[in-house]
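start_27.txt, holding compact mmCIF, C-alpha atoms:
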# COMPACT_ATOMS: atom_id res chain seq x y z
CA MET A 1 26.39 -30.18 -1.95
CA THR A 2 26.01 -32.16 1.30
CA ASP A 3 24.36 -35.53 1.84
CA ALA A 4 21.73 -33.70 3.89
CA LEU A 5 20.38 -32.20 0.67
CA ASN A 6 20.92 -35.25 -1.52
CA HIS A 7 18.26 -37.23 0.30
CA LEU A 8 15.59 -34.55 -0.14
CA PRO A 9 13.03 -35.12 -2.91
CA LYS A 10 13.88 -34.03 -6.43
CA PRO A 11 12.95 -30.35 -6.82
CA SER A 12 9.72 -29.69 -8.66
CA PRO A 13 8.85 -26.00 -8.11
CA ASP A 14 5.28 -25.02 -8.89
CA VAL A 15 4.67 -21.28 -8.86
CA GLY A 16 1.01 -21.94 -9.66
CA CYS A 17 0.63 -23.92 -6.44
CA PHE A 18 2.31 -21.09 -4.53
CA GLU A 19 -0.14 -18.57 -5.96
CA ARG A 20 -3.16 -20.79 -5.35
CA VAL A 21 -2.27 -21.06 -1.68
CA LEU A 22 -2.10 -17.27 -1.40
CA ARG A 23 -5.60 -17.13 -2.89
CA ARG A 24 -6.78 -19.90 -0.55
CA GLN A 25 -7.56 -22.25 -3.44
CA PRO A 26 -7.20 -26.06 -3.34
CA THR A 27 -3.68 -27.47 -3.77
CA ASP A 28 -2.12 -30.92 -3.59
CA ARG A 29 0.68 -29.97 -1.19
CA VAL A 30 1.84 -27.46 1.43
CA PRO A 31 4.54 -25.18 -0.04
CA LEU A 32 7.60 -24.06 1.88
CA ILE A 33 8.18 -20.36 2.48
CA GLU A 34 10.87 -18.29 4.22
CA LEU A 35 11.49 -14.59 4.57
CA ALA A 36 15.25 -15.26 4.69
CA ILE A 37 17.77 -18.03 5.28
CA ALA A 38 21.12 -16.98 6.74
CA ASP A 39 24.15 -17.54 4.54
CA GLU A 40 25.77 -19.47 7.38
CA VAL A 41 22.99 -22.08 7.29
CA LEU A 42 23.05 -22.25 3.50
CA ALA A 43 26.85 -22.64 3.61
CA ASP A 44 26.46 -25.66 5.89
CA LEU A 45 24.07 -27.21 3.40
CA ASN A 46 26.35 -26.30 0.51
CA GLY A 47 29.35 -27.90 2.18
CA GLN A 48 31.49 -24.80 1.64
CA PRO A 49 31.24 -21.02 2.10
CA LEU A 50 28.96 -19.14 -0.25
CA THR A 51 30.18 -16.70 -2.85
CA ALA A 52 30.28 -13.15 -1.48
CA TRP A 53 28.50 -10.30 -3.25
CA PRO A 54 31.20 -8.80 -5.51
CA THR A 55 32.68 -5.41 -4.76
CA THR A 56 32.65 -4.55 -8.47
CA GLU A 57 29.80 -4.48 -10.97
CA ASP A 58 31.06 -7.59 -12.73
CA ARG A 59 27.90 -9.24 -14.08
CA SER A 60 29.27 -12.80 -14.12
CA GLN A 61 30.31 -12.54 -10.46
CA ARG A 62 26.90 -11.16 -9.50
CA HIS A 63 25.25 -14.02 -11.36
CA ALA A 64 27.47 -16.51 -9.52
CA TRP A 65 26.35 -15.02 -6.20
CA ALA A 66 22.69 -15.29 -7.18
CA ARG A 67 22.88 -18.69 -8.88
CA GLN A 68 24.37 -20.34 -5.81
CA ARG A 69 21.64 -19.11 -3.47
CA VAL A 70 18.76 -19.72 -5.86
CA HIS A 71 20.03 -23.25 -6.51
CA LEU A 72 20.10 -24.01 -2.78
CA TRP A 73 16.57 -22.67 -2.24
CA ARG A 74 15.34 -24.71 -5.20
CA ARG A 75 17.10 -27.84 -3.93
CA LEU A 76 15.46 -27.40 -0.54
CA GLY A 77 12.03 -27.34 -2.19
CA TYR A 78 11.00 -23.69 -2.49
CA ASP A 79 8.85 -22.44 -5.35
CA CYS A 80 9.87 -18.80 -5.03
CA TYR A 81 12.91 -16.77 -4.04
CA ARG A 82 12.50 -13.51 -2.16
CA ILE A 83 14.23 -10.47 -3.64
CA ARG A 84 14.66 -7.22 -1.76
CA ALA A 85 14.66 -3.53 -2.60
CA GLU A 86 17.66 -2.02 -0.81
CA ILE A 87 16.44 1.47 0.12
CA PRO A 88 19.35 3.70 1.26
CA PHE A 89 17.81 5.40 4.27
CA VAL A 90 20.61 6.92 6.34
CA THR A 91 20.18 5.61 9.89
CA SER A 92 22.00 5.26 13.20
CA SER A 93 22.49 1.91 14.89
CA LEU A 94 24.18 0.21 17.82
CA ALA A 95 26.48 -2.81 17.60
CA ALA A 96 27.82 -5.61 19.76
CA ARG A 97 29.80 -8.81 19.36
CA ASP A 98 27.73 -11.48 17.69
CA THR A 99 27.28 -14.78 19.52
CA GLY A 100 26.04 -16.63 16.45
CA ARG A 101 27.91 -17.53 13.28
CA ARG A 102 28.01 -14.25 11.39
CA ALA A 103 31.16 -13.89 9.33
CA ASP A 104 31.75 -10.28 10.39
CA GLY A 105 31.39 -11.17 14.08
CA GLN A 106 29.05 -8.27 14.78
CA ARG A 107 25.31 -7.80 15.20
CA VAL A 108 23.63 -4.40 14.93
CA TRP A 109 20.26 -3.06 15.97
CA THR A 110 18.38 0.21 15.80
CA ASP A 111 19.01 2.99 18.30
CA GLU A 112 15.56 3.35 19.86
CA HIS A 113 16.42 6.54 21.75
CA HIS A 114 17.48 8.84 18.94
CA GLY A 115 17.06 8.95 15.17
CA ALA A 116 18.46 10.99 12.31
CA ILE A 117 15.28 13.09 12.17
CA GLN A 118 14.07 15.04 15.20
CA SER A 119 12.39 18.10 13.67
CA MET A 120 10.75 19.46 10.52
CA ALA A 121 14.07 21.13 9.71
CA ASP A 122 15.67 17.68 9.75
CA VAL A 123 12.97 16.45 7.39
CA GLU A 124 13.88 19.16 4.90
CA ARG A 125 17.62 18.56 5.21
CA TYR A 126 17.40 14.77 5.02
CA ASP A 127 18.62 13.13 1.80
CA TRP A 128 15.46 11.20 0.96
CA PRO A 129 15.99 8.20 -1.34
CA THR A 130 14.49 8.24 -4.82
CA LEU A 131 13.73 5.39 -7.20
CA GLU A 132 17.06 6.05 -8.89
CA THR A 133 18.95 5.50 -5.62
CA ILE A 134 17.14 2.30 -4.58
CA ASP A 135 19.49 -0.63 -5.16
CA PHE A 136 17.95 -3.48 -7.16
CA ALA A 137 21.30 -5.02 -8.14
CA GLN A 138 20.89 -8.24 -6.16
CA ALA A 139 17.26 -8.54 -7.24
CA ASP A 140 18.25 -8.09 -10.88
CA ALA A 141 20.98 -10.72 -10.56
CA VAL A 142 18.50 -13.22 -9.11
CA LEU A 143 15.96 -12.56 -11.85
CA ASP A 144 18.65 -13.04 -14.49
CA VAL A 145 19.43 -16.59 -13.27
CA LEU A 146 16.05 -17.66 -11.86
CA PRO A 147 14.98 -21.03 -13.32
CA ASP A 148 11.87 -21.00 -15.46
CA ASP A 149 9.95 -23.08 -12.92
CA MET A 150 10.51 -20.64 -10.03
CA GLY A 151 9.07 -17.21 -9.24
CA ALA A 152 10.28 -14.24 -7.21
CA ILE A 153 8.68 -12.25 -4.39
CA GLY A 154 9.44 -8.53 -4.25
CA PHE A 155 10.12 -7.43 -0.66
CA SER A 156 10.64 -4.13 1.13
CA GLY A 157 10.84 -3.05 4.74
CA GLY A 158 7.81 -1.18 5.99
CA VAL A 159 6.54 2.26 6.89
CA LEU A 160 6.39 1.95 10.67
CA GLU A 161 9.71 0.12 10.81
CA TRP A 162 11.52 2.86 8.89
CA ALA A 163 9.74 5.58 10.88
CA CYS A 164 10.97 3.95 14.10
CA VAL A 165 14.48 3.93 12.65
CA LEU A 166 14.52 7.49 11.31
CA LEU A 167 12.87 9.10 14.32
CA GLY A 168 13.84 6.60 16.99
CA LEU A 169 11.13 4.48 18.59
CA GLU A 170 10.86 6.58 21.74
CA PRO A 171 10.81 9.98 19.95
CA LEU A 172 8.23 8.60 17.51
CA MET A 173 5.91 7.60 20.33
CA LEU A 174 6.19 11.07 21.87
CA ALA A 175 5.76 12.80 18.52
CA LEU A 176 2.49 10.96 17.89
CA TYR A 177 1.05 13.18 20.66
CA ASP A 178 3.39 16.19 20.69
CA ASP A 179 4.14 16.71 17.01
CA PRO A 180 1.73 14.91 14.63
CA PRO A 181 2.84 17.01 11.61
CA LEU A 182 6.38 15.67 12.04
CA VAL A 183 5.09 12.08 12.09
CA ARG A 184 2.98 12.75 9.02
CA ALA A 185 5.88 14.29 7.12
CA VAL A 186 8.24 11.40 7.87
CA VAL A 187 5.70 8.64 7.32
CA ASP A 188 4.50 10.01 4.00
CA ARG A 189 8.01 10.41 2.61
CA ILE A 190 8.82 6.86 3.65
CA GLY A 191 5.54 5.64 2.22
CA ARG A 192 6.19 7.18 -1.18
CA THR A 193 9.69 5.70 -1.31
CA ILE A 194 8.45 2.18 -0.59
CA GLU A 195 5.66 2.64 -3.11
CA ALA A 196 8.25 3.48 -5.77
CA ALA A 197 10.12 0.26 -4.98
CA PHE A 198 6.93 -1.81 -5.22
CA GLU A 199 5.98 -0.12 -8.48
CA ALA A 200 9.33 -1.21 -9.88
CA PHE A 201 8.77 -4.78 -8.70
CA CYS A 202 5.33 -4.80 -10.32
CA GLN A 203 6.97 -4.11 -13.66
CA MET A 204 9.12 -7.25 -13.36
CA ASP A 205 7.44 -10.23 -15.02
CA ARG A 206 8.99 -12.90 -12.78
CA VAL A 207 7.81 -11.19 -9.58
CA VAL A 208 4.62 -13.07 -8.66
CA ALA A 209 3.85 -11.40 -5.30
CA ILE A 210 4.64 -8.31 -3.22
CA TRP A 211 5.79 -8.74 0.38
CA LEU A 212 5.88 -5.89 2.92
CA GLY A 213 7.79 -6.28 6.17
CA ASP A 214 6.38 -3.91 8.80
CA ASP A 215 6.65 -4.98 12.44
CA MET A 216 3.72 -3.39 14.25
CA GLY A 217 3.48 -5.36 17.48
CA PHE A 218 5.28 -6.75 20.50
CA LYS A 219 4.40 -9.67 22.76
CA THR A 220 1.01 -8.49 24.02
CA ALA A 221 -0.19 -5.58 21.84
CA THR A 222 0.59 -3.25 18.96
CA LEU A 223 3.67 -1.04 19.32
CA VAL A 224 1.57 2.10 19.05
CA GLN A 225 -2.14 2.65 19.50
CA PRO A 226 -4.27 0.91 16.84
CA ASP A 227 -5.82 4.27 15.92
CA HIS A 228 -2.36 5.66 15.20
CA LEU A 229 -1.70 2.72 12.90
CA ARG A 230 -5.03 3.36 11.17
CA THR A 231 -4.19 7.05 10.76
CA TYR A 232 -0.58 6.90 9.59
CA ILE A 233 0.50 3.38 8.59
CA LEU A 234 -2.37 1.28 7.27
CA PRO A 235 -3.37 3.74 4.52
CA TRP A 236 0.05 3.14 2.96
CA HIS A 237 -0.38 -0.61 3.32
CA LYS A 238 -3.69 -0.25 1.53
CA ARG A 239 -2.00 1.56 -1.35
CA TYR A 240 0.59 -1.20 -1.68
CA ALA A 241 -2.09 -3.90 -1.64
CA ALA A 242 -4.08 -2.02 -4.28
CA LEU A 243 -0.97 -1.74 -6.45
CA ALA A 244 -0.26 -5.46 -6.13
CA HIS A 245 -3.85 -6.41 -6.90
CA ARG A 246 -4.06 -3.98 -9.82
CA THR A 247 -1.11 -5.78 -11.41
CA GLY A 248 -2.47 -9.26 -10.64
CA ARG A 249 -0.27 -10.06 -7.65
CA PRO A 250 -1.09 -11.13 -4.09
CA PHE A 251 0.01 -8.84 -1.25
CA LEU A 252 1.78 -10.47 1.70
CA LEU A 253 2.32 -8.83 5.07
CA HIS A 254 5.10 -9.73 7.49
CA SER A 255 4.47 -8.20 10.91
CA CYS A 256 5.99 -9.44 14.13
CA GLY A 257 4.16 -9.18 17.41
CA HIS A 258 0.59 -9.08 18.61
CA VAL A 259 -1.52 -7.32 15.98
CA GLU A 260 -4.90 -8.90 16.69
CA ALA A 261 -6.43 -5.46 17.33
CA ILE A 262 -5.94 -4.46 13.70
CA MET A 263 -6.49 -7.81 11.96
CA PRO A 264 -10.00 -6.81 10.81
CA ASP A 265 -8.49 -3.65 9.29
CA LEU A 266 -5.70 -5.61 7.58
CA ILE A 267 -8.14 -8.08 6.04
CA SER A 268 -11.18 -5.96 5.21
CA ASP A 269 -9.68 -2.50 4.61
CA VAL A 270 -6.04 -2.97 3.64
CA GLY A 271 -6.78 -6.16 1.73
CA ILE A 272 -3.82 -8.36 2.64
CA ASP A 273 -3.83 -11.79 1.05
CA ALA A 274 -1.51 -13.45 3.55
CA LYS A 275 -0.09 -12.89 7.03
CA HIS A 276 3.42 -13.90 8.09
CA SER A 277 5.38 -13.93 11.35
CA PHE A 278 4.19 -15.89 14.36
CA GLU A 279 5.58 -16.62 17.80
CA ASP A 280 4.30 -19.25 20.20
CA ALA A 281 4.69 -16.89 23.17
CA CYS A 282 2.59 -14.27 21.39
CA VAL A 283 -0.05 -15.71 19.02
CA PRO A 284 0.81 -19.27 17.92
CA VAL A 285 0.17 -19.93 14.25
CA ASP A 286 -2.37 -22.68 14.89
CA LEU A 287 -4.43 -20.33 17.07
CA PHE A 288 -4.18 -17.64 14.39
CA CYS A 289 -5.39 -20.16 11.80
CA GLU A 290 -8.46 -20.91 13.90
CA ARG A 291 -9.31 -17.20 14.19
CA TRP A 292 -8.42 -15.85 10.75
CA GLY A 293 -7.61 -18.77 8.48
CA GLU A 294 -10.95 -18.60 6.68
CA GLN A 295 -10.22 -15.02 5.58
CA VAL A 296 -6.50 -14.81 4.86
CA ALA A 297 -3.65 -17.16 3.90
CA VAL A 298 -1.25 -18.04 6.71
CA LEU A 299 2.51 -18.30 6.23
CA GLY A 300 5.10 -20.04 8.41
CA GLY A 301 4.77 -20.38 12.16
CA VAL A 302 7.45 -22.80 13.41
CA ASP A 303 8.75 -20.76 16.33
CA VAL A 304 12.27 -19.39 15.90
CA ASP A 305 13.08 -19.93 19.59
CA LEU A 306 12.15 -23.59 19.13
CA LEU A 307 14.29 -23.80 15.99
CA GLY A 308 17.18 -22.09 17.72
CA ARG A 309 17.30 -23.91 21.06
CA GLN A 310 15.47 -27.22 20.93
CA SER A 311 16.23 -30.60 19.39
CA PRO A 312 15.45 -31.77 15.85
CA GLU A 313 12.92 -34.20 17.34
CA LYS A 314 11.02 -31.35 19.00
CA VAL A 315 11.15 -29.35 15.78
CA ARG A 316 9.66 -32.30 13.87
CA PHE A 317 6.92 -32.74 16.45
CA ARG A 318 5.89 -29.09 16.46
CA THR A 319 6.06 -28.79 12.66
CA GLU A 320 3.84 -31.85 12.24
CA GLN A 321 1.43 -30.46 14.83
CA ILE A 322 1.17 -27.19 12.91
CA LEU A 323 0.69 -28.97 9.60
CA GLN A 324 -2.07 -31.16 10.97
CA THR A 325 -3.91 -28.09 12.30
CA CYS A 326 -3.32 -25.53 9.55
CA ALA A 327 -2.99 -27.45 6.28
CA PRO A 328 -6.60 -28.73 6.10
CA ARG A 329 -7.89 -25.13 6.10
CA ARG A 330 -6.31 -24.32 2.72
CA GLY A 331 -4.23 -21.19 2.35
CA TYR A 332 -1.27 -22.42 4.40
CA MET A 333 2.47 -22.47 3.66
CA CYS A 334 4.96 -23.85 6.15
CA GLY A 335 8.20 -22.33 7.37
CA SER A 336 9.69 -20.60 10.37
CA GLY A 337 7.76 -18.10 12.41
CA ASN A 338 10.06 -15.36 11.14
CA SER A 339 13.22 -16.41 9.28
CA ILE A 340 16.23 -18.71 9.61
CA PRO A 341 18.96 -16.65 11.34
CA ASP A 342 22.56 -17.77 11.69
CA TYR A 343 22.05 -19.12 15.21
CA VAL A 344 19.51 -21.75 14.12
CA PRO A 345 21.28 -25.13 13.95
CA THR A 346 21.24 -26.46 10.42
CA ALA A 347 19.94 -29.82 11.68
CA ASN A 348 16.89 -28.10 13.19
CA TYR A 349 16.16 -26.19 10.00
CA LEU A 350 16.40 -29.41 7.99
CA ALA A 351 14.13 -31.19 10.47
CA MET A 352 11.41 -28.65 9.67
CA VAL A 353 11.94 -28.88 5.89
CA GLU A 354 11.97 -32.68 5.92
CA THR A 355 8.77 -32.80 7.96
CA VAL A 356 6.99 -30.68 5.36
CA HIS A 357 8.20 -32.91 2.52
CA ARG A 358 7.15 -35.98 4.48
CA PHE A 359 3.72 -34.49 5.16
CA ASN A 360 3.38 -33.87 1.41
CA GLY A 361 4.20 -37.53 0.72
CA ARG A 362 7.43 -36.68 -1.05
CA LEU A 363 9.91 -38.13 1.44

Could I get this file's structure written as structure tokens?
Amino acid sequence: MTDALNHLPKPSPDVGCFERVLRRQPTDRVPLIELAIADEVLADLNGQPLTAWPTTEDRSQRHAWARQRVHLWRRLGYDCYRIRAEIPFVTSSLAARDTGRRADGQRVWTDEHHGAIQSMADVERYDWPTLETIDFAQADAVLDVLPDDMGAIGFSGGVLEWACVLLGLEPLMLALYDDPPLVRAVVDRIGRTIEAAFEAFCQMDRVVAIWLGDDMGFKTATLVQPDHLRTYILPWHKRYAALAHRTGRPFLLHSCGHVEAIMPDLISDVGIDAKHSFEDACVPVDLFCERWGEQVAVLGGVDVDLLGRQSPEKVRFRTEQILQTCAPRRGYMCGSGNSIPDYVPTANYLAMVETVHRFNGRL
């Protein structure tokens, strides 16, 4: 463990505080939240490389993998650890040399021009995942070692995201007009698969919230027409929110991009409890708080570009600015605008974390 962590306040996770923020109830501090923290950043804080996920099903090795990461999150000051349902959709992707710190030296992204499914015949041939094929191994390992004072958040990628992957973004946009039955067939099969994953999470006692990641926007608007989102995507979101609420859990939405056109739908119809993912060049978190903070909890918002390219001093300044604006409204947790990727300098990430602890009077 590095000196950088030793000077942080003694961990005192409070899952109740975390849940109260999501319900926009009074709390005595602003919790930290992240969608993900890259292993490379955690390794810096740990002072040595992290344990790799084992290639065998050895339970003790899996527990070692999970214990190391959970311990670091707890030491940093988080109340909850995010666990993920690994859904084995067969996809195609493109790759290039990574310029960050990834151990494998490669970064991949989705092929937007062509997907595995291009026709109804492809839909019928495709090997659709079932609950039995969804991999919960890492989630199970985390839950086995999770300290009693921490909770877990069950996460899955979203309906539109997977549709863009399976069809290809460009073919999907054409199919919305040229072949709606194909879109419906793909979306509904994806939707049912994600629902099965969330149903499994809702049977796990330590899972205190459900988190859907479904990027629906870009810098200035939604990726597809709002009416298309209302027709194909948001009804599935509504089902997930209803499932979470029926089992006593808040429903969190991560969506990158400009989704202002559907915010009334997300709040009033879908029933999200919290919104995550903000970018200063798109809709800064403090502006979002002013518009929607009385109706929905707000998560994160320290811009990833700022975290990745600016100085620790600028990170501290912006984080404090966000806290001063958003924290008084209740229903706010602080963290990055998206996640902590490997190219974020560890010193910048720590500058954000320390500023939150200092704002809470704990540092």

Of the listed residues A:Lys314, A:Asp28, A:Arg20, A:Arg59, that which approaches Gly361 in chain A most closely, counting only C-alpha atoms: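 The shortest atom-to-atom distance to Gly361 in chain A comes from A:Asp28.
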
Protein, DNA and RNA residues within 12 Å of (0.4, -11.5, 6.5), all atoms listed in the file, as number ranges by chain: A: 22, 35, 210-216, 237, 241, 250-257, 259-260, 262-263, 266-267, 270-278, 285, 288-289, 292-293, 295-301, 331-333, 337-338

Nearest residue to Gly157 in chain A from the set A:Ile190, A:Ile117, A:Ala281, A:Ala244 (distances using all atoms listed in the file):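 Among the listed residues, the smallest separation from Gly157 in chain A belongs to A:Ile190.
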
Counting only C-alpha atoms, the residue of A:Gly100, A:Pro235, A:Pro31, A:Pro49 that sits nearest Asp79 in chain A: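 Looking at the shortest contact to Asp79 in chain A, the residue is A:Pro31.
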
Minimum-distance residue to Val344 in chain A, chosen among A:Leu42, A:Ile194, A:Leu8, A:Val187 (using all atoms listed in the file):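 Checking each candidate against Val344 in chain A, we get A:Leu42 as the closest.
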
Close residues, Arg29 in chain A itself excluded, 12 Å, only C-alpha atoms, min 6 positions apart in chain, as a list in words: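 The residues satisfying every condition are Ser12, Pro13, Asp14, Gly16, Cys17, Phe18, Arg20, Val21, Gly77, Asp79, Leu323, Ala327, Pro328, Arg330, Gly331, Tyr332, Met333, Cys334, Val356, His357, Arg358, Phe359, Asn360, Gly361 and Arg362 of chain A.
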
Selection file, C-alpha atoms, as a JSON list (two decimals), in the coordinates of the input:
[["chain", "number", "residue", "atom", "x", "y", "z"],
["A", 12, "SER", "CA", 9.72, -29.69, -8.66],
["A", 13, "PRO", "CA", 8.85, -26.00, -8.11],
["A", 14, "ASP", "CA", 5.28, -25.02, -8.89],
["A", 16, "GLY", "CA", 1.01, -21.94, -9.66],
["A", 17, "CYS", "CA", 0.63, -23.92, -6.44],
["A", 18, "PHE", "CA", 2.31, -21.09, -4.53],
["A", 20, "ARG", "CA", -3.16, -20.79, -5.35],
["A", 21, "VAL", "CA", -2.27, -21.06, -1.68],
["A", 77, "GLY", "CA", 12.03, -27.34, -2.19],
["A", 79, "ASP", "CA", 8.85, -22.44, -5.35],
["A", 323, "LEU", "CA", 0.69, -28.97, 9.60],
["A", 327, "ALA", "CA", -2.99, -27.45, 6.28],
["A", 328, "PRO", "CA", -6.60, -28.73, 6.10],
["A", 330, "ARG", "CA", -6.31, -24.32, 2.72],
["A", 331, "GLY", "CA", -4.23, -21.19, 2.35],
["A", 332, "TYR", "CA", -1.27, -22.42, 4.40],
["A", 333, "MET", "CA", 2.47, -22.47, 3.66],
["A", 334, "CYS", "CA", 4.96, -23.85, 6.15],
["A", 356, "VAL", "CA", 6.99, -30.68, 5.36],
["A", 357, "HIS", "CA", 8.20, -32.91, 2.52],
["A", 358, "ARG", "CA", 7.15, -35.98, 4.48],
["A", 359, "PHE", "CA", 3.72, -34.49, 5.16],
["A", 360, "ASN", "CA", 3.38, -33.87, 1.41],
["A", 361, "GLY", "CA", 4.20, -37.53, 0.72],
["A", 362, "ARG", "CA", 7.43, -36.68, -1.05]]

A:Thr27, A:Thr133, A:Thr346, A:Ser311 ranked by distance to Val41 in chain A, top pick (using only C-alpha atoms): A:Thr346

Residues within 9 Å of Leu306 in chain A, only C-alpha atoms, excluding chain neighbours under 4 positions, as an MDAnalysis selection string: chainID A and resid 302 310:311 314:315 318 348

Atom pair CA of Arg84 in chain A / CA of Phe136 in chain A: separation (Å):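 Rounded to one decimal, the two atoms are 7.3 Å apart.
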
Long-range neighbours of Glu86 in chain A as an MDAnalysis selection string, 10 Å cut-off, all atoms listed in the file, 2 positions minimum in chain: chainID A and resid 83:84 88:89 133:139 155:157 197

Interatomic distance (Å, one decimal) between CA of Asp111 in chain A and CA of Ser93 in chain A: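 Computing the Euclidean distance for CA of Asp111 in chain A and CA of Ser93 in chain A yields 5.0 Å.
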
Non-local contacts of Phe201 in chain A (9 Å; all atoms listed in the file; under 3 positions in same chain excluded) as a VMD selection string: chain A and resid 85 153 to 155 196 to 198 204 to 205 207 209 to 210
